[in-house]
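Participant: Take this structure, written in C-alpha cells, and hold onto it; I'll ask about it next.
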Amino acid sequence: MVDTVASARGVTKRFAKPATTALDAVDIDIVAGRMTGLVGPDGAGKTTLIRLLAGLLDPDEGEVEALGRPATATDRSLIGYMPQRFGLYEDLSVIENLSLYADLRGLAADERDARFARLLDFTDLDRFRTRLAGKLSGGMKQKLGLACALVRTPRLLLLDEPGVGVDPVSRRELWAMVRELSSEGIGVLWSTAYLDEAEKCDSVFLLNEGRLIHAGPPGALTETMAGRTFRLFGADEDRRARLERLLDRDDVTDGTIQGASLRLVVKPGAPPPEVPGLTTEPATPRFEDAFVDRLGGGPGGTSRLAESYRPIPPGDAPAIEAVGLTKRFGDFTAASDIHFSIPRGQIFGLLGPNGAGKSTTFKMLCGLLTPSAGNGRVAGHDLRTARADARQSLGYMAQKFSLYGDLSVRQNLDFFSGVYGLTGAARREAIERSIDIFHLADYVNSNSGGMPLGFKQRLALACAVMHQPPVLFLDEPTSGVDPIVRREFWTHINGLVERGVTVLVTTHFMDEAEYCDRIALIYRAEEIAVGTPDELKAQAGLDDPTLEDAFIALIEASDRAREAA
Amino acid sequence: MIDPVVRGRLWAIIVKEIWAVLRDPRSRIILIVPPFLQLIVFGFATTLEVKNIDIALYDRDGGVWAREFSQRLAGSPNVRRIIPVRSPAELRDAIDNRQVIAAIGIDQRFSADIAAGRPATVQAILDGRRSNAAQIVAGYLGRITVDMGASVRPQLKAPGGSIVTHWYNPNLDYLWFTMPALVVIVSTVTALGVTAQSVARERELGTFDQLMVSPLRVHEILIGKMVPPLLIGLFNATLYTILIPTVFGVPLTGSVPLFYVALLFYMLALIGLGMLISCLSQTQQQAFLGMFLLTVPAILLSGYASPVDNMPNWLQWVAEFNPPKHFLIVSEGTFLKAMPPGDILANTWPLMAIAAATLTAAALLFRSRME
Amino acid sequence: MDGFNRQRFAAMLVKETLQIVRDPSTFLIAFLLPLLLLFLFGYGVSLDVTRVKIGLVVEDRSAPALSLATSFRQSRWFEPHEAHSVADVKPALVSGAVRGIVVIPQDFGRKMASGRGAAIQIITDGSLPNTANFVAAYAEGVRASWEEGQLRERGHATDPPIQIATRFWFNPELASRFFLVPGAIAIVMTMIGTLLTALVIAREWERGTMEAIMATPIGMGEFLATKVIPYFLLGLGSMTVCTLIAIFAFGVPFRGSPLALLIIASAFLVPALGQGLLISAATKNQFVASQVALLTAFLPAMLLSGFLFEIPSMPTPVQALTYIVPARYLIPPLQTVFVAGDLWGLFLPDILIMLGFGAVFFALAFRATRRRIA
C-alpha cells in the first residue's frame with residue numbers, strides 16, 4: 001500500500017515580475033517512507049514547487065495537498081520544512097533555535113530532552129549548544145536548520161537544497177540522517193543540485209523550465225545511458241587538451257576529467273570512442289550522465305575565453321606559494337602552518353570540511369587577511385611587502401555572489417575593467433568579449449542581482465578574468481550551479497590553464513576536484529594530505545575508492561590519529 | 001599628471017558609486033521626496049510664531065469699556081476666536097482642556113474705574129504648559145492693554161518711544177529664517193544618509209572583499225565613496241539656492257561663489273562623519289541608526305531649533321565641533337546679511353578642520369577594519 | 001488560522017525578548033536615544049532667551065542719555081558692548097557677535113529736557129526673528145521703565161489707566177524644559193513603537209526566517225502579538241526611565257498620577273506599534289521600512305504634533321494633516337500629566353482617539369501579514 005503524504009496535480013504557478021511561468025502543469029507525489037528527489041537546473045521551479053507544498057504559495061491552477069488536506073490549510077505541526085536560507089535566528093544560540101522550533105511545532109515537554117540529545121548527537125552540534133547560530137559555519141548552519149525542521153518527527157519533510165555549500169562529510173551525514181528518518185515512515189522531498197544524491201533517491205522528479213521531464217526511479221533514467229559511457233586511460237599530462245578535442249567531436253555529447261583519466265558519453269548508437277594512445281573501457285552510467293543528456297548534452301570542448309586570453313609567459317618561480325601560513329584569531333587557530341607551491345599552469349584544489357580553514361588560507365593568499373605567521377607569494381609578489389602588486393595580478397571569484405547586485409551587468413563589467421586598469425579600446429573590447437563569451441547579452445542592462453544563479457556566476461567569472469591575470473582564485477565557483485553550467489565553467493578553466501594560467505580553487509563537488517592537478521586537504525586548520533587526486537585515493541587505502549570516499553577516509557584517519565595522540 | 005591607469009581606476013569607482021546610489025528607484029525616491037517634503041513641511045509648519053490663538057473671556061463687568069476691550073482683543077490679527085465663559089470654573093476648564101491658551105478676566109468695576117479715572121486692571125491667565133507660546137501671547141495682550149490705555153486717556157501717552165528697525169528681514173518673516181536653514185538641514189540629512197550607507201552596504205552585501213582584492217588603494221576607494229554624497233548635497237543645495245529667492249521671495253544678498261566654497265567644505269566635514277559611522281558599522285541597519293543618532297543632535301545643536309546663544313556655555317563649546325552650526329551662520333549670512341568674505345572664512349576654517357580630522361580618522365579606521 | 005497555543009506563544013515571546021536583549025540597535029534606540037534626546041531637550045534646546053549681546057551706541061553725552069545707558073548695562077536681559085557709531089558695530093551684527101544695536105541719539109538729552117519725549121533707535125538682527133522680537137520688546141522695556149523711573153523722580157508719575165496682571169499657570173517660571181522634556185518622551189516612544197517594530201518584522205523577511213516561521217503551525221495573529229508585546233513593554237520601560245530622569249535630573253514637576261501616565265503612554269503605544277507592524281508588513285525590507293518610519297512617524301511626531309511648533313499657527317492644509325498624526329493626541333495629555341495633573345476630561349478623548357488609530361493600524365497590519373511568500 002502506498003501512503004502518499006503530499007501531492008500536486010496539474011499545478012501551474014505564474015509570477016508577475018518578471019512575467020514567468022515558474023511551474024507548468026506539474027504533478028508530483030511524495031510517498032511515506034521514501035526519499036523523493038527533486039532535481040533540475042537553476043530556475044527550473046524547484047523552490048516554487050516546495051513552497052507550494054509547504055502551503056506558502058497559492059497555485060494559479062491545479063491542486064496541492066499535504067497530509068490529506070489542501071497544503072495551505074493543513075496541520076503544519078506535522079510538516080518539517082527547511083528553506084534554502086535555513087530560517088535560523090542568527091542571534092539565538094543553537095539550543096535556543098531548537099527550543100523555539102520545538103515549541104512552535106508543539107513538541108511535548110517530556111519528549112524534549114531525548115529528542116534534543118538525539119538531534120544534537122546526530123548533527124554533531126552538541127559541542128556548540130550555546131554558540132550563536134550566526135557564528136556557525138555554513139555546514140553547521142545547514143545541520144542545525146535540518147535539526148530544527150526535524151525537531152518534532154514530521155510526516156512530511158521538505159528540504160530545499162540542503163546540500164548546497166556543504167562539504168562531502170557533512171553532506172553524507174545529512175543524507176544518512178534523512179535516510180534513516182524516511183525509513184521510519186516519513187515522506188521526504190529532497191531538492192538538490194548534487195546528482196549523486198538524486199541517484200540514491202527512491203524516485204526522482206526532474207524539472208526543467210517549469211515542466212516535469214522525468215518522474216520515476218532514478219535507475220530508469222540512468223538505464224537509458226547503457227552502453228554510452230566510457231573511460232579513457234593514459235592521457236595523463238595532456239588530458240585537458242585531449243578532453244577539449246574530444247568534446248568537440250560530434251559523437252561525444254559529454255565528458256569530464258577523472259583524475260588522470262577521461263570519462264566520455266557518446267551519442268546513442270555511436271561506437272566506443274577510439275583515440276590513438278589511449279585505452280578505452282566501458283564505464284557504468286551515472287544519473288548525472290542521464291541528466292545532462294536529457295538537457296541536451298554538455299557544452300563543446302573549446303573555450304572561447306581561453307582562445308582570446310593572452311598566453312602567460314613561463315617562469316621558473318611557482319605561481320602561488322604558501323610558506324607556513326598561519327592565522328590566529330585570538331586563541332583560535334584558523335589555519336596552521338600551511339605549505340604548498342603551485343607551478344604555473346596548474347589547477348590546485350583546496351578541499352576540506354566547512355570551517356576547516358580553507359577559506360582562511362584562501363583569504364590570506366589573496367591578501368584579504370594578514371597572516372599571523374608565515375608568508376606567501378602570488379605571481380612572484382610577496383604577500384607582506386607587495387600586496388597591491390599581488391592584487392593586480394590575480395582574479396578573484398568569491399564564495400557567494402558578491403558583485404553589485406543592484407548594478408546592471410554592463411555597469412559591473414565597466415567597473416571591474418576600470419578598476420583593473422583597462423582603458424580605452426582594450427577596455428571596450430574586453431567588455432564586449434565578456435558579454436559575448438558568457439552569453440550575457442540578454443541581461444546587459446538588467447540588475448545583475450536578479451539573474452539566475454548560473455548567469456551570476458558567469459558574470460563573476462567574467463569580472464575576475466577581464467584583466468587576464470596570470471593567477472585565478474576561485475572560491476566555490478560552482479556552488480549551487482547545475483551540471484550544465486558547471487561543465488561550461490570547467491571548459492573555461494581547463495582552457496585557461498592550457499594558456500598558462502594558474503588556478504587555486506575550493507570546491508565541495510568531488511567530481512570537480514578530479515579536475516585538479518593537485519589537492520591539499522585541510523582539516524581542523526591543518527593540511528592533512530597533499531597530492532594528485534589519484535595519489536589521495538591511493539593514500540586512503542581503500543579498494544578503487546571515489547575521491548569522496550578517499551576524502552572521508554583521510555579525515556577519519558586524521559580523527560583517529562588525533563584521538564590516539 | 002596622473003597615471004592613466006590610476007585615473008581609470010578612480011573614474012571606474014566614482015561611476016560605480018554614483019550608480020550604486022542612483023540606480024535603485026527606491027533610493028532615488030528617498031533622495032528626492034523627503035527633501036521635497038521637508039521643504040514644504042519645514043517651510044510652513046515649523047514656525048515659532050504664534051497665530052490663530054483662541055482666548056477665553058470672563059467678563060463680569062459687561063460695561064462699555066469691557067466691550068471695547070473685547071473688541072480690541074478680537075481685532076488683533078493673531079487672535080482667532082474669543083470664547084466667552086461665565087464662571088471661574090468654566091475658565092479653568094477652558095485652560096485645562098487646552099481649548100484656549102489664555103483667559104482674560106475683567107472684574108465688575110472695570111468700566112466704572114475707567115470712567116472714574118481710576119486705574120483699572122484686567123487679569124490674564126496663560127497656559128504655562130506651552131510656555132513659549134504663552135510668553136508670546138502675554139506680549140500680545142500687554143500691547144493691546146497699553147494701546148487701549150493710550151486711547152482711554154490720550155494725554156497720558158508716554159512721551160518717549162523706540163524706533164525699531166529689523167535689519168536683514170524688515171518684517172521678521174519667519175520663512176526668511178527657515179529657508180536658508182533648510183539648505184543646511186536638507187544637505188546634512190541626505191549627505192550623512194548616503195555616506196553612512198556606503199561602506200556598511202558593501203560589507204553587508206559581501207562586495208567588500210571583492211573590492212579589497214582589487215588593485216584599488218584605500219584612498220581611491222574613499223574618494224570614490226565621497227563623490228555621490230558630495231554631488232547629491234551640491235545638487236540639493238543648488239536647487240534650494242535657486243528656489244528660495246525665486247519661489248519663496250527670500251533675498252539672496254551675499255556672494256554665491258564664497259557660499260559654494262563653504263558648502264564644499266561643509267559637505268566634506270559631513271562626509272567625514274558619515275564615513276566614520278559607515279566604517280564602524282557592520283550592517284546597513286547599524287549605519288542607519290548611527291546616522292540617526294548623529295543627525296538628531298547635529299540639527300538640534302545647529303542653532304536651527306533654538307539659538308546657540310541660549311545654550312549653556314559648555315554646550316556652546318561642544319557646538320563648535322558641530323558642522324551644521326558653522327554652516328548655518330554662513331547660509332543665513334549669505335542669504336540675508338550679505339556676509340563679507342572675512343566672516344565666511346571665520347566659519348569655514350572650522351569646517352576644514354573637522355573635514356580633515358574626520359576623513360583622516362575614517363581612512364585609518366577603514367584600513368584597520370579591512371580584516 | 002490555528003487556535004491559540006500557550007507553548008508556541010511563550011516560545012516566540014522568549015525568542016523576541018532574547019533578540020531585543022542581544023541586538024545592539026535595540027539598545028541604541030531604547031536607551032541611548034532617550035538619554036540623548038532628554039539631554040538635548042533638557043540642556044541644548046532652550047527657547048528661553050538668557051542674556052543677549054547687543055551693541056550700545058551712545059551718541060549723546062547728556063545726563064539722561066548716560067543714565068539710560070547705565071540702565072541698559074544693568075539690565076538682566078542684555079550684555080551691551082559699547083561702540084562709537086552704528087558703523088563700528090555693524091560688522092559684529094553681521095557676524096552674529098551681537099544680536100541687536102541700541103542707539104541713544106545725539107539729541108536725546110535735549111528732547112528729554114524739552115519734555116517732548118525722546119526716542120531711542122533699536123536695530124535688530126532680523127535673520128533670527130525670535131531673537132529680534134525679543135531684543136525689540138525688551139530694549140523698549142528697558143527704556144520704558146527707565147522713563148517711568150525718571151518721571152517718578154520728578155513726581156510726574158501716573159499709573160497707566162489699564163494694567164494687566166499676568167499669571168502663568170502650571171509653569172510660572174516659563175521654563176521651556178517643562179514642555180520640551182515630556183515632548184522628548186513622546187519622540188522616544190514613537191521611535192521604539194514604530195521604528196524598532198518596523199525593523200523587526202522586515203528583518204524576519206530579509207533574513208529568511210519568516211519563511212521558516214510561516215511553515216510552522218503558529219497563527220499570524222499570534223505571530224503579530226508576540227512581536228508587539230515585548231516592544232510594548234520596552235516602550236513603557238523606556239518611558240519610565242525617561243520620566244525618572246525628567247523628574248530627578250531636570251526638575252520637571254510631576255503633578256499627575258503614575259497610573260494616568262501609564263494609561264496615556266499605553267494608549268499611545270497602541271497606534272505606534274500598529275503603525276510599525278503595518279510598515280514592516282508592507283515593505284518587508286529594513287532599509288525601506290526605516291525610511292518610511294522616519295518619514296511617517298518620527299518627523300510628524302517631531303514637527304506636526306504640537307511639541308515644538310504650535311499647531312494653530314500652521315497653514316490650514318498642514319493643520320489638517322496633523323489630525324492624522326497619533327502623536328498629536330499624546331502631547332497634550334503628556335504635558336498635562338507632568339505639569340498640570342490628572343485632568344481626565346482632557347485625557348479621555350485623546351486616549352480614545354489614539355486607541356481608534358491603533359485599531360485601524362492593527363486591522364491593516366493584520367490584513368497585510370498573510371501567510372504567503374509572495
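Order determines the names: the first chain of the C-alpha cells is A, the second B, and so forth; residues in each chain are numbered 1 upward, and ligands are numbered 1 upward as they are shown.
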Select, as a PyMOL selection string, those residues of chain B with any atom no more than 6 Å from chain A (distances computed using only C-alpha atoms).

Facilitator: chain B and resi 5+8-9+12+206-207+213-215+371

Participant: With only C-alpha atoms as the counted atoms, please give the residues lying no more than 12 Å from Gly290 (chain B), apart from itself and same-chain residues fewer than 3 positions off, as a PyMOL selection string.

Facilitator: (chain B and resi 192-193+195-197+200+273-287+293-297) or (chain C and resi 24-29+32-33)

Participant: Once DSSP has gone over the backbone, tell me which residues of region 47-256 of chain C are in strand (DSSP E), as a ChimeraX atom specification.

Facilitator: /C:52-58,78-83,100-104,119-125,162-169

Participant: Using only C-alpha atoms, pick whichever of B:Gln38, B:Arg7, B:Arg72, B:Val250 has the shortest atom-to-atom distance to Asn169 (chain B).

Facilitator: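 Between B:Gln38, B:Arg7, B:Arg72, B:Val250, the residue approaching Asn169 (chain B) most closely is B:Val250.
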
Participant: Would you list the contacts of Ile324 (chain C) as a PyMOL selection string, taking every protein, DNA or RNA residue within 9 Å and counting only C-alpha atoms, but skipping same-chain residues closer than 4 positions in sequence?

Facilitator: chain C and resi 320+328+357

Participant: Just C-alpha atoms for this one: save the residues we selected as a JSON list (two decimals), in the first residue's frame.

Facilitator:
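Once written, part24.json looks like this:
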[["chain", "number", "residue", "atom", "x", "y", "z"],
["C", 320, "ALA", "CA", -5.48, 69.26, 8.62],
["C", 328, "ARG", "CA", -0.76, 64.98, 18.21],
["C", 357, "PHE", "CA", -5.96, 54.88, 15.34]]

Participant: From a DSSP calculation on the backbone, collect every residue of region 437-483 of chain A in alpha helix (DSSP H) and output the set as a count of residues only.

Facilitator: 15

Participant: If we count only C-alpha atoms, what is near region 185-199 of chain C at a cut-off of 7 Å, once residues fewer than 5 positions away on the same chain are taken out, given as a ChimeraX atom specification?

Facilitator: /C:29-30,34,231,235,239,242,269,272-273,275-277,279-280,286,289-290,293,297-298,301-302,331

Participant: Extract, using only C-alpha atoms, all DNA, RNA and protein residues at most 12 Å from region 219-225 of chain C, discarding same-chain residues fewer than 3 positions from it, and format them as a PyMOL selection string.

Facilitator: (chain A and resi 73+75-77+104-105) or (chain C and resi 1-13+15-16+197-198+200-201+204+210+213-216+228-232+270+273-274+276-278+280-281+362-363+365-372)

Participant: Would you list the contacts of Lys358 (chain A) as a list in words, taking every protein, DNA or RNA residue within 9 Å and counting only C-alpha atoms, but skipping same-chain residues closer than 5 positions in sequence?

Facilitator: Ala334, Ala335, Leu350, Leu351, Gly352, Pro353, Lys363, Thr506, Leu521, Ile522, Tyr523 and Ala525 of chain A

Participant: Near region 335-352 of chain B, counting only C-alpha atoms, which residues have an atom at most 6 Å away, once you skip same-chain residues fewer than 4 positions from it, shown as a list in words?

Facilitator: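 Listed by chain and then number, they are Tyr168, Pro251, Leu252, Thr253, Gly254, Ala262, Phe265, Tyr266, Ala269, His326 and Val330 of chain B; Ser95 of chain C.
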
Participant: Can you work out the spacing between CA of Asp3 (chain A) and CA of Gly216 (chain A) in Å, to one decimal?

Facilitator: 16.2 Å

Participant: Taking into account only C-alpha atoms, which residue in the set C:Ile104, C:Leu151, C:Leu262, C:Val288 is nearest to Arg26 (chain B)?

Facilitator: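 Of all the options, C:Val288 lies closest to Arg26 (chain B).
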
Participant: Give me, as CSV, each residue of chain A that comes within 10 Å of chain C, together with its shortest interatomic pair and the distance in Å at one decimal, counting only C-alpha atoms, with rows ordered by chain and rising residue number.

Facilitator:
residue,atom,partner,partner_atom,distance
A:Phe15,CA,C:Ala374,CA,8.9
A:Thr48,CA,C:Ile373,CA,9.9
A:Arg51,CA,C:Ile373,CA,8.0
A:Leu52,CA,C:Arg372,CA,9.6
A:Ala54,CA,C:Ala215,CA,6.3
A:Gly55,CA,C:Ala215,CA,7.4
A:Leu56,CA,C:Arg372,CA,4.6
A:Leu57,CA,C:Arg372,CA,5.3
A:Asp58,CA,C:Arg372,CA,7.7
A:Thr72,CA,C:Arg371,CA,8.7
A:Ala73,CA,C:Met1,CA,8.1
A:Thr74,CA,C:Pro217,CA,9.0
A:Asp75,CA,C:Pro217,CA,6.9
A:Arg76,CA,C:Pro217,CA,4.6
A:Ser77,CA,C:Pro217,CA,5.3
A:Leu78,CA,C:Thr216,CA,8.7
A:Ile79,CA,C:Thr216,CA,7.6
A:Gly80,CA,C:Ala215,CA,7.9
A:Tyr81,CA,C:Ala215,CA,6.6
A:Met82,CA,C:Ala212,CA,6.8
A:Pro83,CA,C:Ala212,CA,6.5
A:Gln84,CA,C:Gly208,CA,8.6
A:Arg85,CA,C:Gly208,CA,6.0
A:Phe86,CA,C:Ala212,CA,7.5
A:Gly87,CA,C:Thr209,CA,3.9
A:Leu88,CA,C:Thr209,CA,6.0
A:Tyr89,CA,C:Thr209,CA,6.8
A:Glu90,CA,C:Arg207,CA,8.9
A:Asp91,CA,C:Gln19,CA,6.3
A:Leu92,CA,C:Gln19,CA,7.1
A:Ser93,CA,C:Leu18,CA,9.9
A:Glu96,CA,C:Lys15,CA,7.8
A:Asn97,CA,C:Lys15,CA,8.4
A:Ser99,CA,C:Ala11,CA,7.6
A:Leu100,CA,C:Ala11,CA,5.5
A:Tyr101,CA,C:Thr216,CA,8.0
A:Ala102,CA,C:Arg8,CA,8.7
A:Asp103,CA,C:Arg8,CA,5.1
A:Leu104,CA,C:Arg8,CA,4.6
A:Arg105,CA,C:Thr216,CA,6.2
A:Gly106,CA,C:Arg8,CA,7.0
A:Leu107,CA,C:Gln7,CA,9.1
A:Ala108,CA,C:Gln7,CA,9.4
A:Ala109,CA,C:Gln7,CA,9.7
A:Gly145,CA,C:Ala212,CA,9.5
A:Cys148,CA,C:Ala212,CA,9.6
A:Ala149,CA,C:Ala212,CA,8.7

Participant: Taking into account only C-alpha atoms, which residue in the set B:Ile271, B:Ile354, B:Ala120, B:Ala134 is nearest to chain C?

Facilitator: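 For chain C, the nearest of the given residues is B:Ala120.
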
Participant: For the atom pair CA of Lys200 (chain A) and CA of Ser183 (chain A), what is the interatomic distance in Å to one decimal place?

Facilitator: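 One can read the CA of Lys200 (chain A) to CA of Ser183 (chain A) distance as 13.6 Å.
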
Participant: Interatomic distance between CA of Ser127 (chain C) and CA of Val41 (chain B)?

Facilitator: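 Spanning CA of Ser127 (chain C) to CA of Val41 (chain B) is a straight-line distance of 20.0 Å.
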
Participant: Between A:Gly269, A:Asp160, A:Leu98, A:Ala193, which has the minimum distance to Leu144 (chain A) (counting only C-alpha atoms)?

Facilitator: A:Leu98

Participant: Measuring between only C-alpha atoms, which one of B:Gly62, B:Gly161, B:Pro84, B:Pro324 shows the shortest distance to Val183 (chain B)?

Facilitator: B:Pro324
